[in-house]
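**Q** Below: one structure in structure tokens.
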Amino acid sequence: MRFFRRAPFIIAAIITLLISPFSFLGGTTATAASSLKDLIILQNMPEAKIEVKDNQIELTAMTTYNDGHFKTVSEGLAWRSKNKNVATVDENGVVTFTGQNGRSFITVSDGTSMDRIAVHHKPSGETVIKETGKRYNVIENAIAGMTINEKIGQMLMPDFRNWDGENVTEMLPEIEQLVKDYHLGGVILFAENVVATEQTARLVADYQEASEKYGLLMTIDQEGGIVTRLQSGTHMPGNMALGAARSPETAQDVGQVIGEELNALGINMNLAPVLDVNNNPDNPVIGVRSFGESPELVADIGTAYIQGLQSTGVAATAKHFPGHGDTAVDSHLGLPEVGHDKERLLAVELYPFQQAMQEEIDAIMTAHVTFPKIDDTKVISKKDGTEISLPATLSHKVLTGLMREEMGFDGVIITDALNMGAIADHFGTVEAAIRSVKAGTDIVLMPVGLEEVADGLLEAVETGEITEERIEQSVRRILTLKVERGIIKSENPQSIEDIIANAESVVGSEAHKQVEKEAASQSITLVKNNQVLPFDYHGDEKIVVIGNTYIDSLYESVREYHSNTELMAASGPLDDDQLAQLEDANAVVVGSYTYNVSGRSPDSAQMQLINQLIEHVEAPVVGIGIRNPYDVMAFPEIDAYLAQYGFRPASFQATAASLFGENNPTGLLPVTIPGQNGDVLFEYGFGLSY
């Protein structure tokens, strides 16, 4: 592979051997020189954040090597406090303030090297004074010791969803070698990779073991709701459900639970939350993944979610910048456009992202969407030769000019997946990656063709199209994030048995299930009720549940409350025999499921079914919007309508509880529901209760 056949690196290696001050000592080589090490307290690094929580600080010792790489260390250390009247320190580096005013130096030693950090207690609170000096410039020293291949590798985040046609659920030798050969900085996991708690914990640990020097960013799209990758644990209601609940406290709890479960599994970065403002009911890709149509609501609930998630040590990622809400094209399939000017974008689409930046969000994901009022650059599509606008993911004006320089974001920028149609169809595999890096991105997500993209970026550096300084800017941000989130390889890694035991106690715990239940219960929105709900059936009254997609889940949830409940699976209008079966029904509950405009058209088979029920059935008809609250646009004459915003078990259970009055629905619409003629059917913020 061309990526590894570079003469300059061979020459560099020879020079290293020649100039090494230890090369003449009894056969000691550059390898021995690289093993020379220092011991420092990680919190002395300029980039390290220090948090005093419950009168305690957790200090971490770190070994730094001569070639620049570093590892945490926990064994063979002696921690001491110079003034135990002010603060004590245990064998694990946990400092506890006694409450007495004064200063103490906390020291750590491995018998060869030593470091210290000062802690103060004052009436105004606790403070920490870092040591200074070159030995703490760990990230700069690491970058100085990295080859250009290693630097580029830090910026690559592929997926290994499948291998030879099989789902990857355990580490394969071929994948382990790719992690090493390309010095990968991260890997993204999908549902195919994370089927069970023990299996996931083991796979993630094996990935980290494969990383030779720097820990991997192990990422996943665990948004909640319809985008939930983990197949074990809790399945939190999605963003629009949280928007309907209107509770920042609940959103923070949900973010914290998601973070705790990911952290227990070793997954250290979540590509969530979505901060797109869904002000276009026709949006086919965001929809219920958004908290709602109000920028303020999205910002308030979104930042609470971020606080909860990042409090667990898991990095959060706001997406999709500058905003994918007001689009009618799925960027997985095509190239959407948002034609608003900057003033409008700052007031609506960009507002939640700006608030997230103020909350010090770790990362932001780009949108494969064009914003011609920000960047009117035109390029020729490789798909059909037509002239197209440059999408935000590849735009220097958007990522560097707008996000970094105008809005002041200094965290990690990650592209949306580069294998999506909006990019893959119009730009070459290598060109897309090069353009994204030149635009200002730090992490290239899911590059199409790992070898080709790595080679392409290397060649771009060698020819001067991308400067090595530009690459190092990204590496600096990536390593800073890894240090801040403790994503560092360890001299004394935790045993896999302990990792699995902890994961099994955390993932899907009863406390987490309770948060899941409360969030779902708070989200259910009673949009219409012609004195039909709550049901008051206790005997032989007959309820019939009708529908197609996820209808079994709805049926089982209703049946738990009323045993005389029947299921009628149907995806279109009923025949006469089926209608006859409904003549003795006391109530009909019909579930609708849509994800696009055509699905909610009154002409669709599903909507014809619901309107047929409204017209021909004597019993009251209650509609359940399983996914999109907009479904009621197609059947406004229904007797009652509940929106549940997602198809996870907790949402069905909360809907059934609401139908029978066990849960008083208090959710408020986070979006406006328009009528078929463009008027307003139900306003933003509308919601009934019992």
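Within each chain, counting starts at residue 1; across the structure tokens, chains are named A, B, ... in the order shown, with ligands numbered 1 upward in that order.
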Any idea what's packed within 7 Å of range 598-613 of chain A, counting only C-alpha atoms, ignoring anything in its chain fewer than 3 positions away? Could you give it as a list in words?
**A**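 The neighbour list is Ser571, Gly572, Pro573, Leu574, Thr594, Tyr595, His616, Val617, Asp631, Ala634 and Phe635 of chain A.
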**Q** Can you spit out the residues from that selection as an mmCIF file, in the first residue's frame, using C-alpha atoms?
**A**
data_model
loop_
_atom_site.group_PDB
_atom_site.id
_atom_site.type_symbol
_atom_site.label_atom_id
_atom_site.label_comp_id
_atom_site.auth_asym_id
_atom_site.auth_seq_id
_atom_site.Cartn_x
_atom_site.Cartn_y
_atom_site.Cartn_z
ATOM 1 C CA SER A 571 -52.744 -1.738 5.933
ATOM 2 C CA GLY A 572 -55.630 -0.461 3.806
ATOM 3 C CA PRO A 573 -59.445 -0.156 3.682
ATOM 4 C CA LEU A 574 -61.421 -3.020 5.214
ATOM 5 C CA THR A 594 -45.694 7.592 8.654
ATOM 6 C CA TYR A 595 -42.268 9.028 7.932
ATOM 7 C CA HIS A 616 -68.553 3.650 8.967
ATOM 8 C CA VAL A 617 -67.940 2.560 12.564
ATOM 9 C CA ASP A 631 -50.572 12.119 10.867
ATOM 10 C CA ALA A 634 -55.058 13.186 7.048
ATOM 11 C CA PHE A 635 -57.967 12.353 9.397
#
**Q** Which polymer residues have any atom within 9 Å of an atom of Ala520 in chain A, counting only C-alpha atoms, with same-chain residues fewer than 2 positions away left out, as a PDB file with N, CA, C and O atoms, in the first residue's frame?
**A**
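Written out: out.pdb:
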ATOM      1  N   MET A 236     -34.716   5.027  25.344  1.00  0.00           N
ATOM      2  CA  MET A 236     -35.313   6.299  25.720  1.00  0.00           C
ATOM      3  C   MET A 236     -36.201   6.880  24.623  1.00  0.00           C
ATOM      4  O   MET A 236     -35.906   6.721  23.438  1.00  0.00           O
ATOM      5  N   PRO A 237     -37.280   7.561  25.029  1.00  0.00           N
ATOM      6  CA  PRO A 237     -38.063   8.290  24.029  1.00  0.00           C
ATOM      7  C   PRO A 237     -37.168   9.279  23.289  1.00  0.00           C
ATOM      8  O   PRO A 237     -36.171   9.770  23.841  1.00  0.00           O
ATOM      9  N   ALA A 241     -40.333  13.675  21.605  1.00  0.00           N
ATOM     10  CA  ALA A 241     -41.041  13.311  22.828  1.00  0.00           C
ATOM     11  C   ALA A 241     -40.556  14.172  23.989  1.00  0.00           C
ATOM     12  O   ALA A 241     -41.354  14.641  24.809  1.00  0.00           O
ATOM     13  N   LEU A 242     -39.250  14.405  24.074  1.00  0.00           N
ATOM     14  CA  LEU A 242     -38.712  15.265  25.137  1.00  0.00           C
ATOM     15  C   LEU A 242     -39.160  16.700  24.937  1.00  0.00           C
ATOM     16  O   LEU A 242     -39.409  17.425  25.913  1.00  0.00           O
ATOM     17  N   ALA A 245     -42.592  16.884  26.311  1.00  0.00           N
ATOM     18  CA  ALA A 245     -42.603  16.829  27.774  1.00  0.00           C
ATOM     19  C   ALA A 245     -42.280  18.185  28.396  1.00  0.00           C
ATOM     20  O   ALA A 245     -42.684  18.459  29.535  1.00  0.00           O
ATOM     21  N   VAL A 515     -36.494   6.232  34.636  1.00  0.00           N
ATOM     22  CA  VAL A 515     -36.339   7.470  33.859  1.00  0.00           C
ATOM     23  C   VAL A 515     -37.000   7.318  32.496  1.00  0.00           C
ATOM     24  O   VAL A 515     -37.688   8.228  32.011  1.00  0.00           O
ATOM     25  N   GLU A 516     -36.793   6.167  31.882  1.00  0.00           N
ATOM     26  CA  GLU A 516     -37.408   5.866  30.589  1.00  0.00           C
ATOM     27  C   GLU A 516     -38.935   5.976  30.684  1.00  0.00           C
ATOM     28  O   GLU A 516     -39.585   6.613  29.830  1.00  0.00           O
ATOM     29  N   LYS A 517     -39.515   5.391  31.725  1.00  0.00           N
ATOM     30  CA  LYS A 517     -40.969   5.404  31.904  1.00  0.00           C
ATOM     31  C   LYS A 517     -41.485   6.816  32.130  1.00  0.00           C
ATOM     32  O   LYS A 517     -42.495   7.224  31.529  1.00  0.00           O
ATOM     33  N   GLU A 518     -40.803   7.573  32.988  1.00  0.00           N
ATOM     34  CA  GLU A 518     -41.250   8.929  33.297  1.00  0.00           C
ATOM     35  C   GLU A 518     -41.181   9.836  32.069  1.00  0.00           C
ATOM     36  O   GLU A 518     -42.091  10.642  31.827  1.00  0.00           O
ATOM     37  N   GLN A 522     -44.520  11.608  30.368  1.00  0.00           N
ATOM     38  CA  GLN A 522     -44.628  13.061  30.255  1.00  0.00           C
ATOM     39  C   GLN A 522     -44.812  13.528  28.815  1.00  0.00           C
ATOM     40  O   GLN A 522     -45.313  14.618  28.572  1.00  0.00           O
ATOM     41  N   SER A 523     -44.427  12.698  27.857  1.00  0.00           N
ATOM     42  CA  SER A 523     -44.426  13.135  26.459  1.00  0.00           C
ATOM     43  C   SER A 523     -45.772  12.961  25.765  1.00  0.00           C
ATOM     44  O   SER A 523     -46.063  13.660  24.780  1.00  0.00           O
ATOM     45  N   ILE A 524     -46.593  12.029  26.223  1.00  0.00           N
ATOM     46  CA  ILE A 524     -47.829  11.712  25.507  1.00  0.00           C
ATOM     47  C   ILE A 524     -48.707  12.962  25.407  1.00  0.00           C
ATOM     48  O   ILE A 524     -49.009  13.612  26.412  1.00  0.00           O
ATOM     49  N   GLN A 644     -47.493   9.973  20.259  1.00  0.00           N
ATOM     50  CA  GLN A 644     -46.502   9.375  21.163  1.00  0.00           C
ATOM     51  C   GLN A 644     -45.069   9.510  20.651  1.00  0.00           C
ATOM     52  O   GLN A 644     -44.130   9.178  21.365  1.00  0.00           O
ATOM     53  N   ALA A 650     -41.587   1.803  25.871  1.00  0.00           N
ATOM     54  CA  ALA A 650     -42.071   2.707  26.911  1.00  0.00           C
ATOM     55  C   ALA A 650     -43.123   3.667  26.387  1.00  0.00           C
ATOM     56  O   ALA A 650     -44.046   4.055  27.116  1.00  0.00           O
ATOM     57  N   SER A 651     -43.017   4.048  25.112  1.00  0.00           N
ATOM     58  CA  SER A 651     -43.991   4.974  24.536  1.00  0.00           C
ATOM     59  C   SER A 651     -45.339   4.292  24.344  1.00  0.00           C
ATOM     60  O   SER A 651     -46.395   4.897  24.605  1.00  0.00           O
ATOM     61  N   PHE A 652     -45.350   3.055  23.900  1.00  0.00           N
ATOM     62  CA  PHE A 652     -46.614   2.319  23.780  1.00  0.00           C
ATOM     63  C   PHE A 652     -47.260   2.119  25.160  1.00  0.00           C
ATOM     64  O   PHE A 652     -48.478   2.252  25.317  1.00  0.00           O
ATOM     65  N   GLN A 653     -46.449   1.797  26.147  1.00  0.00           N
ATOM     66  CA  GLN A 653     -46.980   1.595  27.490  1.00  0.00           C
ATOM     67  C   GLN A 653     -47.570   2.884  28.046  1.00  0.00           C
ATOM     68  O   GLN A 653     -48.626   2.873  28.690  1.00  0.00           O
ATOM     69  N   ALA A 654     -46.906   4.023  27.764  1.00  0.00           N
ATOM     70  CA  ALA A 654     -47.420   5.308  28.236  1.00  0.00           C
ATOM     71  C   ALA A 654     -48.707   5.679  27.517  1.00  0.00           C
ATOM     72  O   ALA A 654     -49.627   6.254  28.123  1.00  0.00           O
ATOM     73  N   THR A 655     -48.811   5.348  26.243  1.00  0.00           N
ATOM     74  CA  THR A 655     -50.038   5.615  25.491  1.00  0.00           C
ATOM     75  C   THR A 655     -51.196   4.804  26.064  1.00  0.00           C
ATOM     76  O   THR A 655     -52.296   5.331  26.283  1.00  0.00           O
TER      77      THR A 655
END
**Q** Go through A:Met407, A:Val448, A:Met218, A:Ile57 and flag the residue nearest Arg485 in chain A, using only C-alpha atoms for the distances.
**A** A:Met218
**Q** Need to verify the contact set: Thr60 in chain A, 8 Å, only C-alpha atoms, exclusion of same-chain residues closer than 3 positions in sequence. Can you return it as JSON, numbers by chain?
**A** {"A": [41, 42, 43, 72, 73, 74, 93]}
**Q** For the residues in that selection, give me all heavy atoms as an mmCIF file, in the first residue's frame.
**A**
data_model
loop_
_atom_site.group_PDB
_atom_site.id
_atom_site.type_symbol
_atom_site.label_atom_id
_atom_site.label_comp_id
_atom_site.auth_asym_id
_atom_site.auth_seq_id
_atom_site.Cartn_x
_atom_site.Cartn_y
_atom_site.Cartn_z
ATOM 1 N N ILE A 41 1.054 14.439 36.822
ATOM 2 C CA ILE A 41 -0.363 14.445 37.155
ATOM 3 C C ILE A 41 -1.109 15.038 35.965
ATOM 4 O O ILE A 41 -0.832 16.176 35.559
ATOM 5 C CB ILE A 41 -0.622 15.249 38.441
ATOM 6 C CG1 ILE A 41 0.071 14.576 39.630
ATOM 7 C CG2 ILE A 41 -2.121 15.397 38.702
ATOM 8 C CD1 ILE A 41 -0.002 15.380 40.927
ATOM 9 N N LEU A 42 -2.008 14.281 35.408
ATOM 10 C CA LEU A 42 -2.724 14.703 34.193
ATOM 11 C C LEU A 42 -3.350 16.078 34.378
ATOM 12 O O LEU A 42 -3.375 16.895 33.447
ATOM 13 C CB LEU A 42 -3.788 13.669 33.845
ATOM 14 C CG LEU A 42 -4.628 13.888 32.584
ATOM 15 C CD1 LEU A 42 -5.056 12.556 31.990
ATOM 16 C CD2 LEU A 42 -5.875 14.727 32.853
ATOM 17 N N GLN A 43 -3.862 16.366 35.570
ATOM 18 C CA GLN A 43 -4.553 17.639 35.802
ATOM 19 C C GLN A 43 -3.617 18.838 35.724
ATOM 20 O O GLN A 43 -4.086 19.980 35.681
ATOM 21 C CB GLN A 43 -5.275 17.610 37.150
ATOM 22 C CG GLN A 43 -6.558 16.799 37.160
ATOM 23 C CD GLN A 43 -6.332 15.293 37.072
ATOM 24 O OE1 GLN A 43 -5.238 14.795 37.397
ATOM 25 N NE2 GLN A 43 -7.341 14.560 36.655
ATOM 26 N N THR A 72 -2.156 6.464 31.000
ATOM 27 C CA THR A 72 -2.446 6.607 32.418
ATOM 28 C C THR A 72 -1.823 5.436 33.169
ATOM 29 O O THR A 72 -1.579 4.371 32.600
ATOM 30 C CB THR A 72 -3.961 6.649 32.687
ATOM 31 O OG1 THR A 72 -4.549 5.423 32.225
ATOM 32 C CG2 THR A 72 -4.603 7.829 31.985
ATOM 33 N N VAL A 73 -1.578 5.640 34.454
ATOM 34 C CA VAL A 73 -0.992 4.590 35.284
ATOM 35 C C VAL A 73 -1.663 4.653 36.657
ATOM 36 O O VAL A 73 -1.944 5.737 37.179
ATOM 37 C CB VAL A 73 0.544 4.758 35.401
ATOM 38 C CG1 VAL A 73 0.911 6.104 35.991
ATOM 39 C CG2 VAL A 73 1.156 3.631 36.207
ATOM 40 N N SER A 74 -1.927 3.483 37.224
ATOM 41 C CA SER A 74 -2.617 3.455 38.514
ATOM 42 C C SER A 74 -1.937 2.559 39.540
ATOM 43 O O SER A 74 -2.266 2.615 40.725
ATOM 44 C CB SER A 74 -4.068 2.989 38.325
ATOM 45 O OG SER A 74 -4.110 1.705 37.706
ATOM 46 N N GLY A 93 -5.608 8.444 44.226
ATOM 47 C CA GLY A 93 -5.483 9.824 43.786
ATOM 48 C C GLY A 93 -6.716 10.669 44.031
ATOM 49 O O GLY A 93 -6.824 11.774 43.480
#
**Q** Rounded to one decimal in Å, what is the spacing between CA of Val179 in chain A and CA of Thr393 in chain A?
**A**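 Between CA of Val179 in chain A and CA of Thr393 in chain A the gap works out to 25.1 Å.
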**Q** Can you pull out every residue from range 275-421 of chain A that DSSP, working from the backbone, puts in strand (DSSP E or B), and format the result as a count of residues only?
**A** 22
**Q** Got a sec: who's within 9 Å of range 193-208 of chain A, counting only C-alpha atoms, leaving out chain neighbours fewer than 6 positions off, as a PDB file with N, CA, C and O atoms, in the first residue's frame?
**A**
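Once written, result35.pdb looks like this:
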ATOM      1  N   PHE A 160     -17.069  -0.454  10.741  1.00  0.00           N
ATOM      2  CA  PHE A 160     -16.877  -1.858  10.366  1.00  0.00           C
ATOM      3  C   PHE A 160     -18.172  -2.583  10.705  1.00  0.00           C
ATOM      4  O   PHE A 160     -18.203  -3.497  11.527  1.00  0.00           O
ATOM      5  N   ARG A 161     -19.233  -2.136  10.045  1.00  0.00           N
ATOM      6  CA  ARG A 161     -20.563  -2.685  10.320  1.00  0.00           C
ATOM      7  C   ARG A 161     -20.632  -4.152   9.914  1.00  0.00           C
ATOM      8  O   ARG A 161     -21.179  -4.980  10.622  1.00  0.00           O
ATOM      9  N   ASN A 162     -20.061  -4.442   8.767  1.00  0.00           N
ATOM     10  CA  ASN A 162     -20.051  -5.819   8.243  1.00  0.00           C
ATOM     11  C   ASN A 162     -18.655  -6.167   7.764  1.00  0.00           C
ATOM     12  O   ASN A 162     -17.845  -5.302   7.449  1.00  0.00           O
ATOM     13  N   ASN A 167     -22.268  -9.529  10.052  1.00  0.00           N
ATOM     14  CA  ASN A 167     -22.202  -8.452  11.035  1.00  0.00           C
ATOM     15  C   ASN A 167     -20.989  -8.630  11.935  1.00  0.00           C
ATOM     16  O   ASN A 167     -20.688  -9.746  12.361  1.00  0.00           O
ATOM     17  N   VAL A 168     -20.308  -7.544  12.217  1.00  0.00           N
ATOM     18  CA  VAL A 168     -19.121  -7.589  13.076  1.00  0.00           C
ATOM     19  C   VAL A 168     -19.554  -7.424  14.527  1.00  0.00           C
ATOM     20  O   VAL A 168     -19.886  -6.322  14.975  1.00  0.00           O
ATOM     21  N   THR A 169     -19.565  -8.513  15.257  1.00  0.00           N
ATOM     22  CA  THR A 169     -19.927  -8.480  16.680  1.00  0.00           C
ATOM     23  C   THR A 169     -18.760  -8.864  17.582  1.00  0.00           C
ATOM     24  O   THR A 169     -18.883  -8.825  18.805  1.00  0.00           O
ATOM     25  N   GLU A 170     -17.655  -9.247  16.978  1.00  0.00           N
ATOM     26  CA  GLU A 170     -16.442  -9.522  17.747  1.00  0.00           C
ATOM     27  C   GLU A 170     -15.250  -9.085  16.914  1.00  0.00           C
ATOM     28  O   GLU A 170     -15.334  -8.962  15.691  1.00  0.00           O
ATOM     29  N   MET A 171     -14.142  -8.807  17.601  1.00  0.00           N
ATOM     30  CA  MET A 171     -12.962  -8.318  16.902  1.00  0.00           C
ATOM     31  C   MET A 171     -12.424  -9.370  15.939  1.00  0.00           C
ATOM     32  O   MET A 171     -12.311 -10.548  16.289  1.00  0.00           O
ATOM     33  N   ILE A 175      -9.608  -6.541  11.059  1.00  0.00           N
ATOM     34  CA  ILE A 175      -9.974  -5.204  11.538  1.00  0.00           C
ATOM     35  C   ILE A 175      -8.932  -4.693  12.521  1.00  0.00           C
ATOM     36  O   ILE A 175      -8.538  -3.517  12.483  1.00  0.00           O
ATOM     37  N   GLU A 176      -8.464  -5.568  13.390  1.00  0.00           N
ATOM     38  CA  GLU A 176      -7.417  -5.178  14.334  1.00  0.00           C
ATOM     39  C   GLU A 176      -6.191  -4.647  13.595  1.00  0.00           C
ATOM     40  O   GLU A 176      -5.588  -3.642  13.999  1.00  0.00           O
ATOM     41  N   VAL A 179      -6.836  -1.108  12.244  1.00  0.00           N
ATOM     42  CA  VAL A 179      -6.730  -0.107  13.311  1.00  0.00           C
ATOM     43  C   VAL A 179      -5.270   0.278  13.520  1.00  0.00           C
ATOM     44  O   VAL A 179      -4.932   1.458  13.667  1.00  0.00           O
ATOM     45  N   VAL A 187     -13.612   4.859  15.724  1.00  0.00           N
ATOM     46  CA  VAL A 187     -14.461   3.912  14.988  1.00  0.00           C
ATOM     47  C   VAL A 187     -15.907   4.191  15.392  1.00  0.00           C
ATOM     48  O   VAL A 187     -16.181   4.464  16.569  1.00  0.00           O
ATOM     49  N   TYR A 214      -2.704   5.795  21.051  1.00  0.00           N
ATOM     50  CA  TYR A 214      -3.707   6.739  21.533  1.00  0.00           C
ATOM     51  C   TYR A 214      -5.072   6.066  21.534  1.00  0.00           C
ATOM     52  O   TYR A 214      -5.447   5.375  20.598  1.00  0.00           O
ATOM     53  N   GLY A 215      -5.821   6.257  22.604  1.00  0.00           N
ATOM     54  CA  GLY A 215      -7.125   5.624  22.711  1.00  0.00           C
ATOM     55  C   GLY A 215      -8.044   6.008  21.565  1.00  0.00           C
ATOM     56  O   GLY A 215      -7.907   7.068  20.946  1.00  0.00           O
ATOM     57  N   LEU A 216      -8.987   5.135  21.284  1.00  0.00           N
ATOM     58  CA  LEU A 216      -9.925   5.359  20.187  1.00  0.00           C
ATOM     59  C   LEU A 216     -11.161   6.105  20.670  1.00  0.00           C
ATOM     60  O   LEU A 216     -11.688   5.830  21.754  1.00  0.00           O
ATOM     61  N   LEU A 217     -11.635   7.029  19.837  1.00  0.00           N
ATOM     62  CA  LEU A 217     -12.972   7.561  20.020  1.00  0.00           C
ATOM     63  C   LEU A 217     -13.938   6.490  19.533  1.00  0.00           C
ATOM     64  O   LEU A 217     -14.025   6.219  18.341  1.00  0.00           O
ATOM     65  N   MET A 218     -14.633   5.854  20.449  1.00  0.00           N
ATOM     66  CA  MET A 218     -15.618   4.837  20.096  1.00  0.00           C
ATOM     67  C   MET A 218     -16.984   5.506  20.102  1.00  0.00           C
ATOM     68  O   MET A 218     -17.499   5.889  21.142  1.00  0.00           O
ATOM     69  N   ARG A 229     -29.274   2.675  18.743  1.00  0.00           N
ATOM     70  CA  ARG A 229     -28.443   1.593  18.204  1.00  0.00           C
ATOM     71  C   ARG A 229     -28.313   0.413  19.158  1.00  0.00           C
ATOM     72  O   ARG A 229     -28.320  -0.731  18.725  1.00  0.00           O
ATOM     73  N   LEU A 230     -28.141   0.695  20.459  1.00  0.00           N
ATOM     74  CA  LEU A 230     -27.937  -0.404  21.399  1.00  0.00           C
ATOM     75  C   LEU A 230     -29.157  -1.310  21.419  1.00  0.00           C
ATOM     76  O   LEU A 230     -30.286  -0.837  21.535  1.00  0.00           O
ATOM     77  N   GLN A 231     -28.913  -2.604  21.324  1.00  0.00           N
ATOM     78  CA  GLN A 231     -30.020  -3.550  21.320  1.00  0.00           C
ATOM     79  C   GLN A 231     -30.313  -4.106  22.709  1.00  0.00           C
ATOM     80  O   GLN A 231     -31.201  -4.944  22.881  1.00  0.00           O
ATOM     81  N   SER A 232     -29.560  -3.636  23.707  1.00  0.00           N
ATOM     82  CA  SER A 232     -29.849  -3.997  25.099  1.00  0.00           C
ATOM     83  C   SER A 232     -29.862  -2.710  25.904  1.00  0.00           C
ATOM     84  O   SER A 232     -29.386  -1.674  25.466  1.00  0.00           O
ATOM     85  N   GLY A 233     -30.461  -2.762  27.088  1.00  0.00           N
ATOM     86  CA  GLY A 233     -30.508  -1.575  27.926  1.00  0.00           C
ATOM     87  C   GLY A 233     -31.820  -0.843  27.796  1.00  0.00           C
ATOM     88  O   GLY A 233     -32.849  -1.423  27.428  1.00  0.00           O
ATOM     89  N   ALA A 264     -20.456   2.774  30.480  1.00  0.00           N
ATOM     90  CA  ALA A 264     -20.245   1.441  31.052  1.00  0.00           C
ATOM     91  C   ALA A 264     -19.796   0.444  29.994  1.00  0.00           C
ATOM     92  O   ALA A 264     -19.058  -0.501  30.293  1.00  0.00           O
ATOM     93  N   LEU A 265     -20.220   0.665  28.762  1.00  0.00           N
ATOM     94  CA  LEU A 265     -19.846  -0.223  27.662  1.00  0.00           C
ATOM     95  C   LEU A 265     -18.507   0.160  27.037  1.00  0.00           C
ATOM     96  O   LEU A 265     -17.992  -0.571  26.181  1.00  0.00           O
ATOM     97  N   GLY A 266     -17.954   1.297  27.442  1.00  0.00           N
ATOM     98  CA  GLY A 266     -16.697   1.760  26.874  1.00  0.00           C
ATOM     99  C   GLY A 266     -16.878   2.680  25.677  1.00  0.00           C
ATOM    100  O   GLY A 266     -15.890   3.103  25.066  1.00  0.00           O
ATOM    101  N   ILE A 267     -18.111   3.005  25.344  1.00  0.00           N
ATOM    102  CA  ILE A 267     -18.378   3.919  24.225  1.00  0.00           C
ATOM    103  C   ILE A 267     -18.285   5.334  24.770  1.00  0.00           C
ATOM    104  O   ILE A 267     -19.023   5.703  25.675  1.00  0.00           O
ATOM    105  N   LYS A 489      -5.004   5.418  26.687  1.00  0.00           N
ATOM    106  CA  LYS A 489      -4.622   4.042  26.987  1.00  0.00           C
ATOM    107  C   LYS A 489      -3.970   3.981  28.367  1.00  0.00           C
ATOM    108  O   LYS A 489      -3.369   4.936  28.827  1.00  0.00           O
ATOM    109  N   ILE A 496     -11.311  -7.308  31.669  1.00  0.00           N
ATOM    110  CA  ILE A 496     -12.554  -7.414  30.909  1.00  0.00           C
ATOM    111  C   ILE A 496     -13.670  -7.959  31.787  1.00  0.00           C
ATOM    112  O   ILE A 496     -14.846  -7.596  31.615  1.00  0.00           O
ATOM    113  N   ILE A 499     -15.041  -4.996  33.622  1.00  0.00           N
ATOM    114  CA  ILE A 499     -15.775  -4.137  32.685  1.00  0.00           C
ATOM    115  C   ILE A 499     -17.167  -4.710  32.432  1.00  0.00           C
ATOM    116  O   ILE A 499     -18.177  -3.995  32.485  1.00  0.00           O
ATOM    117  N   ILE A 500     -17.226  -6.001  32.159  1.00  0.00           N
ATOM    118  CA  ILE A 500     -18.511  -6.640  31.853  1.00  0.00           C
ATOM    119  C   ILE A 500     -19.429  -6.625  33.074  1.00  0.00           C
ATOM    120  O   ILE A 500     -20.632  -6.334  32.961  1.00  0.00           O
ATOM    121  N   ALA A 501     -18.875  -6.913  34.236  1.00  0.00           N
ATOM    122  CA  ALA A 501     -19.699  -6.920  35.452  1.00  0.00           C
ATOM    123  C   ALA A 501     -20.308  -5.544  35.699  1.00  0.00           C
ATOM    124  O   ALA A 501     -21.496  -5.421  36.047  1.00  0.00           O
ATOM    125  N   ALA A 503     -20.818  -3.180  33.409  1.00  0.00           N
ATOM    126  CA  ALA A 503     -21.766  -2.889  32.329  1.00  0.00           C
ATOM    127  C   ALA A 503     -23.111  -3.556  32.590  1.00  0.00           C
ATOM    128  O   ALA A 503     -24.173  -2.956  32.394  1.00  0.00           O
ATOM    129  N   GLU A 504     -23.073  -4.795  33.041  1.00  0.00           N
ATOM    130  CA  GLU A 504     -24.329  -5.521  33.266  1.00  0.00           C
ATOM    131  C   GLU A 504     -25.112  -4.960  34.446  1.00  0.00           C
ATOM    132  O   GLU A 504     -26.337  -5.108  34.504  1.00  0.00           O
ATOM    133  N   VAL A 507     -26.286  -1.075  32.523  1.00  0.00           N
ATOM    134  CA  VAL A 507     -27.106  -1.042  31.308  1.00  0.00           C
ATOM    135  C   VAL A 507     -28.462  -1.691  31.585  1.00  0.00           C
ATOM    136  O   VAL A 507     -28.551  -2.864  31.947  1.00  0.00           O
TER     137      VAL A 507
END
**Q** From the DSSP assignment of the backbone, select every residue of range 390-564 of chain A that is alpha helix (DSSP H), and format the answer as number ranges by chain.
**A** A: 396, 421-424, 429-439, 450-462, 468-484, 496-506, 510-523, 551-559
